[in-house]
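Undergrad: Dropping in work09.txt, which is compact mmCIF, C-alpha atoms:
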# COMPACT_ATOMS: atom_id res chain seq x y z
CA MET A 17 27.44 129.82 8.68
CA PRO A 18 27.58 132.46 5.95
CA VAL A 19 30.54 132.85 3.65
CA PRO A 20 33.16 135.19 5.17
CA ASN A 21 34.31 138.29 3.30
CA LEU A 22 37.91 137.18 3.02
CA PRO A 23 39.39 133.99 1.54
CA PHE A 24 41.17 133.20 4.80
CA VAL A 25 39.83 134.12 8.21
CA LYS A 26 40.67 133.00 11.71
CA ASN A 27 38.25 132.57 14.60
CA TYR A 28 35.18 132.91 12.40
CA GLY A 29 31.66 131.68 12.86
CA GLY A 30 31.37 131.57 16.64
CA ALA A 31 28.14 133.53 16.64
CA HIS A 32 26.59 131.22 14.03
CA VAL A 33 27.65 127.71 14.96
CA GLY A 34 28.84 128.11 18.54
CA ALA A 35 32.54 127.56 17.86
CA ASN A 36 35.24 129.56 16.11
CA HIS A 37 36.83 128.19 12.97
CA ASP A 38 39.77 129.00 10.76
CA VAL A 39 38.25 129.07 7.27
CA GLN A 40 40.20 128.84 4.02
CA LEU A 41 38.08 129.39 0.91
CA PHE A 42 38.73 128.40 -2.70
CA PRO A 43 37.13 129.54 -5.97
CA ALA A 44 34.82 126.52 -5.99
CA ILE A 45 32.76 128.15 -3.24
CA LEU A 46 31.55 130.72 -5.75
CA ARG A 47 30.64 128.19 -8.39
CA GLU A 48 26.91 128.43 -9.10
CA SER A 49 24.80 125.69 -10.55
CA ALA A 50 24.18 126.45 -14.21
CA LYS A 51 20.47 125.74 -13.90
CA VAL A 52 19.27 128.83 -15.69
CA LYS A 53 22.00 128.98 -18.28
CA ILE A 54 21.56 125.45 -19.59
CA ASP A 55 17.87 125.81 -20.40
CA PRO A 56 18.56 126.81 -23.98
CA LEU A 57 20.93 123.88 -24.39
CA ILE A 58 18.37 121.46 -23.02
CA GLU A 59 15.70 122.86 -25.31
CA GLU A 60 18.00 122.38 -28.27
CA GLY A 61 18.44 118.74 -27.28
CA THR A 62 22.19 118.84 -27.79
CA THR A 63 23.27 117.96 -24.26
CA THR A 64 23.46 114.47 -22.87
CA CYS A 65 23.32 113.11 -19.36
CA PHE A 66 26.58 112.98 -17.41
CA PHE A 67 25.93 109.37 -16.37
CA HIS A 68 24.09 108.13 -19.52
CA GLU A 69 25.78 109.39 -22.62
CA LYS A 70 23.04 108.25 -24.96
CA LEU A 71 20.20 109.94 -23.12
CA PRO A 72 19.42 113.66 -23.46
CA ALA A 73 19.80 115.85 -20.38
CA SER A 74 16.58 117.25 -18.97
CA ALA A 75 17.75 118.88 -15.74
CA VAL A 76 20.73 119.93 -13.69
CA CYS A 77 21.61 118.46 -10.33
CA GLU A 78 21.35 121.34 -7.88
CA VAL A 79 24.03 119.85 -5.65
CA SER A 80 26.79 118.83 -8.02
CA GLY A 81 25.86 120.94 -11.04
CA ARG A 82 25.90 117.97 -13.42
CA MET A 83 23.42 117.63 -16.26
CA ILE A 84 21.20 114.61 -15.77
CA CYS A 85 18.48 112.72 -17.61
CA ASP A 86 15.04 111.66 -16.40
CA LEU A 87 16.44 108.34 -15.15
CA CYS A 88 18.92 110.04 -12.83
CA LYS A 89 16.68 112.85 -11.69
CA THR A 90 15.09 112.72 -8.25
CA GLU A 91 13.80 115.11 -5.60
CA TRP A 92 15.40 115.65 -2.19
CA LYS A 93 14.11 118.29 0.20
CA GLY A 94 12.74 120.37 -2.62
CA GLN A 95 15.88 120.17 -4.74
CA THR A 96 16.42 118.35 -8.00
CA VAL A 97 19.41 116.07 -7.44
CA SER A 98 21.08 113.14 -9.12
CA PHE A 99 21.19 109.73 -7.47
CA GLU A 100 24.93 110.05 -6.89
CA ALA A 101 24.49 113.35 -5.04
CA LEU A 102 21.54 111.90 -3.14
CA GLN A 103 23.65 108.99 -1.94
CA SER A 104 26.27 111.38 -0.66
CA LEU A 105 23.65 113.55 1.06
CA VAL A 106 21.93 110.61 2.69
CA GLY A 107 25.25 109.07 3.67
CA GLN A 108 26.10 112.05 5.88
CA LYS A 109 23.80 111.08 8.70
CA GLY A 110 22.29 107.74 7.78
CA LYS A 111 23.97 104.51 6.80
CA GLY A 112 23.99 105.72 3.22
CA VAL A 113 25.98 103.90 0.62
CA LYS A 114 29.44 102.43 1.21
CA GLY A 115 32.22 104.01 -0.73
CA GLU A 116 34.93 101.99 -2.35
CA VAL A 117 35.81 99.17 0.05
CA VAL A 118 38.80 96.85 -0.20
CA THR A 119 39.64 93.93 2.08
CA LYS A 120 43.33 93.75 2.85
CA TRP A 121 43.85 90.02 2.64
CA ASP A 122 47.63 90.32 2.91
CA SER A 123 47.32 92.12 6.25
CA ILE A 124 44.80 89.55 7.45
CA ALA A 125 47.10 86.67 6.44
CA LEU A 126 50.08 88.28 8.18
CA ALA A 127 48.04 88.93 11.32
CA LEU A 128 46.80 85.33 11.34
CA ALA A 129 50.37 84.11 11.01
CA LEU A 130 51.89 86.38 13.69
CA LEU A 131 49.35 87.31 16.33
CA PRO A 132 48.36 83.77 17.40
CA LEU A 133 52.00 83.13 18.42
CA VAL A 134 51.03 84.73 21.72
CA MET A 135 48.90 81.65 22.32
CA TRP A 136 51.00 79.25 20.25
CA PHE A 137 48.63 76.31 20.43
CA THR A 138 46.06 78.23 18.32
CA THR A 139 48.48 78.23 15.40
CA ILE A 140 47.39 74.68 14.59
CA VAL A 141 44.24 76.31 13.20
CA THR A 142 45.41 79.74 12.13
CA ALA A 143 48.55 78.70 10.25
CA PRO A 144 46.71 76.66 7.58
CA VAL A 145 44.14 79.44 7.26
CA ALA A 146 46.88 82.04 6.76
CA LEU A 147 48.63 79.87 4.18
CA GLY A 148 45.35 79.25 2.41
CA ILE A 149 44.66 82.98 2.18
CA CYS A 150 48.14 83.58 0.74
CA ILE A 151 47.61 80.97 -1.98
CA TRP A 152 44.02 81.95 -2.70
CA LYS A 153 44.62 85.69 -2.95
CA TRP A 154 48.14 85.76 -4.37
CA ARG A 155 47.00 86.26 -7.96
CA ALA A 156 44.88 89.25 -6.99
CA GLY A 157 48.07 91.18 -6.27
CA PRO A 158 48.54 93.94 -3.71
CA THR A 159 45.23 94.53 -2.01
CA SER A 160 45.48 98.23 -1.34
CA VAL A 161 45.86 101.08 -3.81
CA LEU A 162 48.65 102.28 -1.54
CA ARG A 163 50.72 99.10 -1.77
CA LYS A 164 53.16 98.26 -4.51
CA SER A 165 54.27 94.73 -3.60
CA ARG A 166 53.06 91.45 -2.14
CA TRP A 167 55.75 91.04 0.49
CA ARG A 168 53.12 90.54 3.19
CA TYR A 169 51.86 87.44 1.40
CA VAL A 170 55.41 86.10 1.15
CA LEU A 171 56.17 86.75 4.81
CA ALA A 172 52.84 85.36 6.02
CA GLY A 173 53.27 82.29 3.83
CA LEU A 174 56.76 81.62 5.18
CA ILE A 175 55.72 82.01 8.80
CA ALA A 176 52.59 79.89 8.31
CA THR A 177 54.65 77.18 6.57
CA MET A 178 57.10 77.09 9.49
CA GLU A 179 54.25 76.83 11.96
CA ILE A 180 52.67 73.95 10.00
CA ALA A 181 56.05 72.23 9.79
CA PHE A 182 56.43 72.58 13.54
CA TRP A 183 53.03 71.00 14.13
CA MET A 184 53.77 68.13 11.76
CA TRP A 185 57.04 67.46 13.54
CA PHE A 186 55.28 67.69 16.92
CA LEU A 187 52.60 65.23 15.90
CA ILE A 188 55.08 62.76 14.44
CA TRP A 189 57.27 63.05 17.53
CA GLY A 190 54.24 62.50 19.73
CA MET A 191 53.21 59.39 17.77
CA HIS A 192 56.65 57.84 18.05
CA ARG A 193 56.96 58.35 21.81
CA MET B 999 46.25 104.56 -8.91
CA ALA B 1000 49.98 103.96 -8.41
CA ALA B 1001 51.09 104.31 -4.83
CA LYS B 1002 54.26 106.07 -5.87
CA ASN B 1003 52.28 109.06 -7.19
CA MET B 1004 50.81 109.75 -3.79
CA GLN B 1005 52.20 111.92 -1.05
CA LYS B 1006 51.25 110.98 2.48
CA LEU B 1007 49.36 113.83 4.11
CA PHE B 1008 48.59 112.38 7.52
CA GLY B 1009 48.70 108.95 9.06
CA ASN B 1010 46.94 106.86 11.66
CA SER B 1011 46.72 108.45 15.08
CA ALA B 1012 46.15 106.91 18.50
CA SER B 1013 42.40 107.28 18.26
CA THR B 1014 41.65 106.63 14.62
CA LEU B 1015 42.65 104.44 11.70
CA GLN B 1016 42.28 107.13 9.08
CA SER B 1017 45.05 108.32 6.80
CA GLY B 1018 45.17 110.80 3.96
CA TYR B 1019 47.18 110.95 0.74
CA LEU B 1020 47.61 113.59 -1.94
CA ALA B 1021 47.18 112.10 -5.38
CA GLU B 1022 47.58 113.91 -8.68
CA ASP B 1023 44.08 115.28 -8.89
CA HIS B 1024 42.35 114.29 -5.67
CA LEU B 1025 42.66 113.83 -1.94
CA LEU B 1026 42.42 110.15 -0.96
CA ILE B 1027 41.11 109.41 2.52
CA VAL B 1028 41.58 105.85 3.74
CA ASN B 1029 39.73 104.40 6.70
CA GLY B 1030 40.23 101.05 8.36
CA ARG B 1031 42.92 98.49 9.06
CA PHE B 1032 41.90 95.14 7.58
CA GLN B 1033 39.17 96.57 5.40
CA GLU B 1034 39.93 99.87 3.76
CA ARG B 1035 37.29 102.36 2.75
CA TYR B 1036 38.34 104.99 0.28
CA LYS B 1037 36.94 108.43 -0.17
CA ARG B 1038 38.25 110.62 -2.98
CA LEU B 1039 37.77 114.36 -3.04
CA LYS B 1040 38.81 116.07 -6.24
CA TYR B 1041 40.84 119.22 -5.78
CA ALA B 1042 38.55 120.96 -8.23
CA ASP B 1043 35.55 120.27 -5.97
CA ILE B 1044 37.01 121.42 -2.66
CA GLN B 1045 35.28 124.60 -1.55
CA ALA B 1046 36.74 125.26 1.88
CA LEU B 1047 38.96 123.96 4.66
CA LEU B 1048 37.68 124.30 8.20
CA ILE B 1049 39.79 124.02 11.36
CA ARG B 1050 38.23 124.20 14.79
CA ARG B 1051 40.22 124.24 17.99
CA THR B 1052 38.86 121.89 20.64
CA ALA B 1053 39.29 121.96 24.39
CA GLY B 1054 40.51 118.39 24.71
CA GLY B 1055 44.14 119.39 24.33
CA LYS B 1056 43.98 121.92 27.13
CA VAL B 1057 42.34 119.44 29.47
CA LEU B 1058 44.93 116.81 28.58
CA ALA B 1059 47.81 119.23 29.15
CA LEU B 1060 46.36 120.34 32.47
CA CYS B 1061 45.86 116.79 33.69
CA GLY B 1062 49.30 115.76 32.45
CA GLY B 1063 51.06 118.67 34.09
CA LEU B 1064 49.24 118.54 37.39
CA GLY B 1065 49.37 114.77 37.47
CA GLY B 1066 53.11 114.84 36.83
CA PHE B 1067 53.64 117.16 39.80
CA LEU B 1068 51.40 115.11 42.03
CA PHE B 1069 53.00 111.77 41.19
CA LEU B 1070 56.46 113.30 41.53
CA ILE B 1071 55.64 114.46 45.05
CA ILE B 1072 54.28 111.02 45.91
CA ALA B 1073 57.40 109.39 44.49
CA LEU B 1074 59.61 111.66 46.60
CA THR B 1075 57.70 110.71 49.74
CA GLN B 1076 58.17 107.02 48.93
CA MET B 1077 61.95 107.15 48.62
CA ASP B 1078 62.46 104.79 51.53
CA SER B 1079 60.65 101.97 49.70
CA SER B 1080 60.82 100.59 46.18
CA ALA B 1081 57.39 101.98 45.35
CA TRP B 1082 59.00 105.26 44.30
CA ILE B 1083 60.03 103.62 41.04
CA ALA B 1084 56.43 102.93 40.02
CA TRP B 1085 55.33 106.43 41.03
CA GLY B 1086 58.29 107.87 39.19
CA VAL B 1087 57.35 106.05 36.01
CA ILE B 1088 53.77 107.29 36.28
CA ALA B 1089 55.06 110.83 36.81
CA ILE B 1090 57.24 110.54 33.71
CA VAL B 1091 54.28 109.30 31.66
CA SER B 1092 52.22 112.25 32.86
CA TRP B 1093 54.96 114.67 31.93
CA ALA B 1094 55.22 113.01 28.51
CA ILE B 1095 51.50 113.55 27.94
CA PHE B 1096 51.94 117.18 28.95
CA ALA B 1097 54.90 117.60 26.60
CA LEU B 1098 53.05 116.00 23.68
CA SER B 1099 50.10 118.31 24.24
CA LEU B 1100 52.39 121.32 24.12
CA TYR B 1101 54.15 120.02 21.02
CA GLY B 1102 50.85 119.48 19.22
CA GLN B 1103 49.73 123.03 20.12
CA GLY B 1104 46.41 121.70 21.35
CA THR B 1105 43.77 119.54 19.77
CA ALA B 1106 41.76 120.48 16.71
CA GLN B 1107 39.17 119.17 14.31
CA MET B 1108 39.57 119.61 10.57
CA GLY B 1109 37.02 119.38 7.77
CA VAL B 1110 37.14 119.53 3.99
CA GLN B 1111 34.01 120.96 2.40
CA THR B 1112 32.69 120.24 -1.09
CA ALA B 1113 29.34 121.01 -2.64
CA VAL B 1114 28.00 117.61 -1.63
CA GLN B 1115 29.50 116.96 1.80
CA THR B 1116 31.88 118.03 4.52
CA VAL B 1117 34.42 115.33 5.29
CA PHE B 1118 36.04 115.45 8.70
CA LEU B 1119 39.65 114.35 8.77
CA GLU B 1120 39.59 112.22 11.89
CA GLY B 1121 43.27 111.42 11.50
CA VAL B 1122 44.12 115.09 12.10
CA THR B 1123 43.82 115.61 15.83
CA THR B 1124 46.26 118.38 16.74
CA LEU B 1125 46.41 121.99 15.64
CA ARG B 1126 50.01 121.60 14.51
CA LYS B 1127 49.07 118.72 12.23
CA ALA B 1128 45.98 120.55 10.99
CA GLU B 1129 48.00 123.58 9.94
CA LYS B 1130 50.55 121.39 8.20
CA VAL B 1131 47.80 119.52 6.33
CA ALA B 1132 46.09 122.79 5.43
CA VAL B 1133 49.25 124.20 3.88
CA ALA B 1134 49.90 121.10 1.77
CA LEU B 1135 46.28 120.73 0.69
CA THR B 1136 45.88 124.43 -0.07
CA ALA B 1137 48.87 124.29 -2.41
CA ARG B 1138 47.31 121.43 -4.39
CA VAL B 1139 43.84 122.95 -4.51
CA GLU B 1140 45.12 126.36 -5.58
CA ALA B 1141 47.24 124.72 -8.27
CA GLU B 1142 44.02 123.19 -9.60
CA GLN B 1143 41.50 126.00 -9.06
CA GLY B 1144 43.66 129.07 -8.78
CA ARG B 1145 43.78 131.44 -5.85
CA LEU B 1146 40.64 133.14 -4.61
CA GLU B 1147 41.36 136.86 -4.46
CA PRO B 1148 39.63 138.96 -1.78
CA GLU B 1149 38.29 141.39 -4.40
CA VAL B 1150 36.72 138.57 -6.42
CA LEU B 1151 35.10 137.13 -3.32
CA ARG B 1152 33.74 140.48 -2.18
CA ALA B 1153 32.44 141.26 -5.65
CA ALA B 1154 30.66 137.90 -5.86
CA LEU B 1155 29.10 138.29 -2.41
CA GLU B 1156 28.01 141.84 -3.20
CA LYS B 1157 26.49 140.70 -6.48
CA LYS B 1158 24.43 138.10 -4.65
CA ARG B 1159 23.27 140.66 -2.11
CA VAL B 1160 22.22 143.05 -4.88
CA GLU B 1161 20.36 140.27 -6.70
CA ARG B 1162 18.43 139.50 -3.56
CA ARG B 1163 17.63 143.15 -2.91
CA GLU B 1164 16.43 143.74 -6.47
CA HIS B 1165 13.99 140.90 -6.21
CA TYR B 1166 11.82 142.77 -3.75
CA THR B 1167 9.68 145.42 -5.37
CA VAL B 1168 7.40 147.89 -3.66
CA ASP B 1169 4.34 145.64 -4.17
CA SER B 1170 5.84 142.32 -3.14
CA PRO B 1171 5.40 141.16 0.45
CA GLN B 1172 8.38 142.05 2.63
CA ARG B 1173 10.21 139.04 3.94
CA PRO B 1174 11.81 139.82 7.26
CA GLU B 1175 15.54 139.24 7.48
CA THR B 1176 16.01 135.91 9.18
CA PRO B 1177 18.95 135.73 11.57
CA PRO B 1178 21.69 133.24 10.73
CA ARG B 1179 20.93 129.74 12.01
CA LEU B 1180 23.22 128.17 14.54
CA ASN B 1181 24.42 125.03 12.89
CA LYS B 1182 26.41 122.44 14.79
CA GLU B 1183 27.88 121.21 11.53
CA ALA B 1184 30.13 124.06 10.55
CA VAL B 1185 29.36 124.27 6.85
CA VAL B 1186 30.18 127.42 4.96
CA ARG B 1187 27.51 127.84 2.30
CA PRO B 1188 26.82 130.65 -0.09
CA GLU B 1189 23.39 132.09 0.54
CA PRO B 1190 20.93 130.45 -1.86
CA PRO B 1191 19.59 132.61 -4.66
CA VAL B 1192 16.03 133.79 -4.28
CA PRO B 1193 13.77 131.77 -6.65
CA ASP B 1194 12.39 133.66 -9.60
CA THR B 1195 8.65 133.82 -9.18
CA GLU B 1196 7.99 135.38 -12.58
As C-alpha cells - that is how I would like this structure written.

TA:
Amino acid sequence: MPVPNLPFVKNYGGAHVGANHDVQLFPAILRESAKVKIDPLIEEGTTTCFFHEKLPASAVCEVSGRMICDLCKTEWKGQTVSFEALQSLVGQKGKGVKGEVVTKWDSIALALALLPLVMWFTTIVTAPVALGICIWKWRAGPTSVLRKSRWRYVLAGLIATMEIAFWMWFLIWGMHR
Amino acid sequence: MAAKNMQKLFGNSASTLQSGYLAEDHLLIVNGRFQERYKRLKYADIQALLIRRTAGGKVLALCGGLGGFLFLIIALTQMDSSAWIAWGVIAIVSWAIFALSLYGQGTAQMGVQTAVQTVFLEGVTTLRKAEKVAVALTARVEAEQGRLEPEVLRAALEKKRVERREHYTVDSPQRPETPPRLNKEAVVRPEPPVPDTE
C-alpha cells in the first residue's frame, strides 16, 4: 500500500490490501538509496565495500543502501542487491537462511530432570543424560543472551543426582533382598 | 549483549513462543523454547509499525459470552443432581474467556517494517498489547531517528510526485496510471523512482 500522508494514521489501507491498519511511520521510510549520489565516489575509487574492507565498492545494494563490491553484488528481480539482503528477501517466503540460533542446554537439562518424574521409571535413563548435559555444557555458561546465571544447570544437576542416587539405592536394595 | 540492558517488551503468549526485548540500539525478537532463534532489528532501520485488528477476538468474545449463558442455564436446570458443578465450571471458564477478550480489547496482528523485511510480532496477539508495544517501541525509534513531522513527510511525497511528473515529456509515450495493487502483505513502501532513461 502507498505511504500515507501523515506519520500516524488509523484504519488505513483497506482499499489497497483488504484490511485496515494503524500505521506509524518513522524518518527511515523516506531514506532513499544513494545509488546516484555515490557514482562520483565509486569512480574516484575511494570507497570500500561494507563487507570487505579491502575491496573497492562498485555498486550500492538497492535494498539496504550499503556499498558493495563485485563479490557481494548479485541480481534479484531486476535489482542489484547484496547477499545479505538477498538472504533476508528469500527468507521471507522460502526456507531462507537461519538467523542466529542458540540451543538452550540448561533448559533441556532441567526439563530432562523434572518432566520424566511423571513417569518415574524413565528417570533411570533421563537422569544420567541430564547430569551429563550439565557437566558437558557447564563451561559454556548461560546459553541464552537473556540469561545472566547458570542456576538451571545447578538445579538440574542436583535433581538428576538425587534421581541417580535413588536408583542406586533401589538396585542395591533389590540385590540384597 | 548483557541481559540487564534489555527491557522486556512482550512475552510468550498461549499460541506462540515468541518474546521481544528492547536493547540499547535494536529490537531483539526471540523465538523458541529449547532452541532460540534471534532476530535483531536496529532502531535506525525501522521504517513503520503496522497494527491490524483481526476478527478472532470478536468471535472468541461472542462464543465465550453466549457459551457462558448457555452453560449457566444448563447448570441451573441440573441443580437436583451433582452435574451442575461441572456445568457451572464450564460456564465460569466461558465467562473468563469472554472477560479476557474484553480486557484485551480484541485481537490484533502487529508488524515491524524495515527496508529488507516486515517482521510480524507473533507474541503480540491483542490490541491492548499491540498499543502498549507500539508506544514503547516508538519512543526508542524516535530517540534514534527523530520524529517524522507531517510537513517533512508531505514535502517528500510531493517531491517524488513532481519528479515522476517531470519525467514525462510531450514526446514520451504516456504510461497510464496503474491502480494500487492489493497486497495481502501489508507493506508500506515509498513509490519507486522512475528510472532515468537518458

Undergrad: Please identify all residues of chain A having at least one atom at most 7 Å from any atom of chain B, considering all atoms listed in the file, and return them as an mmCIF file with C-alpha atoms, keeping the file's coordinate frame.

TA:
data_model
loop_
_atom_site.group_PDB
_atom_site.id
_atom_site.type_symbol
_atom_site.label_atom_id
_atom_site.label_comp_id
_atom_site.auth_asym_id
_atom_site.auth_seq_id
_atom_site.Cartn_x
_atom_site.Cartn_y
_atom_site.Cartn_z
ATOM 1 C CA MET A 17 27.440 129.820 8.680
ATOM 2 C CA PRO A 18 27.580 132.460 5.950
ATOM 3 C CA VAL A 19 30.540 132.850 3.650
ATOM 4 C CA ASN A 21 34.310 138.290 3.300
ATOM 5 C CA LEU A 22 37.910 137.180 3.020
ATOM 6 C CA PRO A 23 39.390 133.990 1.540
ATOM 7 C CA HIS A 32 26.590 131.220 14.030
ATOM 8 C CA VAL A 33 27.650 127.710 14.960
ATOM 9 C CA GLY A 34 28.840 128.110 18.540
ATOM 10 C CA ASN A 36 35.240 129.560 16.110
ATOM 11 C CA HIS A 37 36.830 128.190 12.970
ATOM 12 C CA ASP A 38 39.770 129.000 10.760
ATOM 13 C CA VAL A 39 38.250 129.070 7.270
ATOM 14 C CA GLN A 40 40.200 128.840 4.020
ATOM 15 C CA LEU A 41 38.080 129.390 0.910
ATOM 16 C CA PHE A 42 38.730 128.400 -2.700
ATOM 17 C CA PRO A 43 37.130 129.540 -5.970
ATOM 18 C CA ALA A 44 34.820 126.520 -5.990
ATOM 19 C CA ILE A 45 32.760 128.150 -3.240
ATOM 20 C CA VAL A 79 24.030 119.850 -5.650
ATOM 21 C CA SER A 80 26.790 118.830 -8.020
ATOM 22 C CA ALA A 101 24.490 113.350 -5.040
ATOM 23 C CA SER A 104 26.270 111.380 -0.660
ATOM 24 C CA LEU A 105 23.650 113.550 1.060
ATOM 25 C CA GLY A 115 32.220 104.010 -0.730
ATOM 26 C CA GLU A 116 34.930 101.990 -2.350
ATOM 27 C CA VAL A 117 35.810 99.170 0.050
ATOM 28 C CA VAL A 118 38.800 96.850 -0.200
ATOM 29 C CA THR A 119 39.640 93.930 2.080
ATOM 30 C CA LYS A 120 43.330 93.750 2.850
ATOM 31 C CA SER A 123 47.320 92.120 6.250
ATOM 32 C CA ILE A 124 44.800 89.550 7.450
ATOM 33 C CA VAL A 161 45.860 101.080 -3.810
ATOM 34 C CA LEU A 162 48.650 102.280 -1.540
ATOM 35 C CA ARG A 163 50.720 99.100 -1.770
ATOM 36 C CA LYS A 164 53.160 98.260 -4.510
#

Undergrad: Within 9 Å of (26.6, 114.3, -17.4), in the coordinates the file gives, what residues turn up when you count only C-alpha atoms, written out as a PDB file with C-alpha atoms, in the frame of the given file?

TA:
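Result file follows (result.pdb):
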ATOM      1  CA  THR A  63      23.270 117.960 -24.260  1.00  0.00           C
ATOM      2  CA  THR A  64      23.460 114.470 -22.870  1.00  0.00           C
ATOM      3  CA  CYS A  65      23.320 113.110 -19.360  1.00  0.00           C
ATOM      4  CA  PHE A  66      26.580 112.980 -17.410  1.00  0.00           C
ATOM      5  CA  PHE A  67      25.930 109.370 -16.370  1.00  0.00           C
ATOM      6  CA  HIS A  68      24.090 108.130 -19.520  1.00  0.00           C
ATOM      7  CA  GLU A  69      25.780 109.390 -22.620  1.00  0.00           C
ATOM      8  CA  ALA A  73      19.800 115.850 -20.380  1.00  0.00           C
ATOM      9  CA  VAL A  76      20.730 119.930 -13.690  1.00  0.00           C
ATOM     10  CA  ARG A  82      25.900 117.970 -13.420  1.00  0.00           C
ATOM     11  CA  MET A  83      23.420 117.630 -16.260  1.00  0.00           C
ATOM     12  CA  ILE A  84      21.200 114.610 -15.770  1.00  0.00           C
ATOM     13  CA  CYS A  85      18.480 112.720 -17.610  1.00  0.00           C
TER      14      CYS A  85
END

Undergrad: Taking every listed atom of segment 1067-1084 of chain B and adding 4 Å to each side, what centre and edge lengths in Å (one decimal) does the axis-aligned box have, as lines of an AutoDock Vina configuration file?

TA:
center_x = 56.9
center_y = 108.9
center_z = 45.7
size_x = 19.1
size_y = 24.6
size_z = 19.7

Undergrad: Quote the spacing between atom CA of Trp1093 of chain B and atom CA of Ile1071 of chain B in Å to one decimal place.

TA: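 So the two atoms, atom CA of Trp1093 of chain B and atom CA of Ile1071 of chain B, lie 13.1 Å apart.
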
Undergrad: Smallest atom-to-atom distance to Cys150 of chain A: which of A:Trp92, A:Trp189, A:Phe182, A:Trp121, using all atoms listed in the file?

TA: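 Looking only at the distances to Cys150 of chain A, the closest residue turns out to be A:Trp121.
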
Undergrad: Could you give me, as a PyMOL selection string, the residues within 12 Å of Trp152 of chain A, counting all atoms listed in the file and dropping anything in the same chain fewer than 4 positions from it?

TA: chain A and resi 121-122+125+144-148+156-157+169+173

Undergrad: When you count all atoms listed in the file, which of these residues is closest to Ile1027 of chain B: B:Val1122, B:Val1087, B:Ala1134, B:Leu1074?

TA: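 For Ile1027 of chain B, the nearest of the given residues is B:Val1122.
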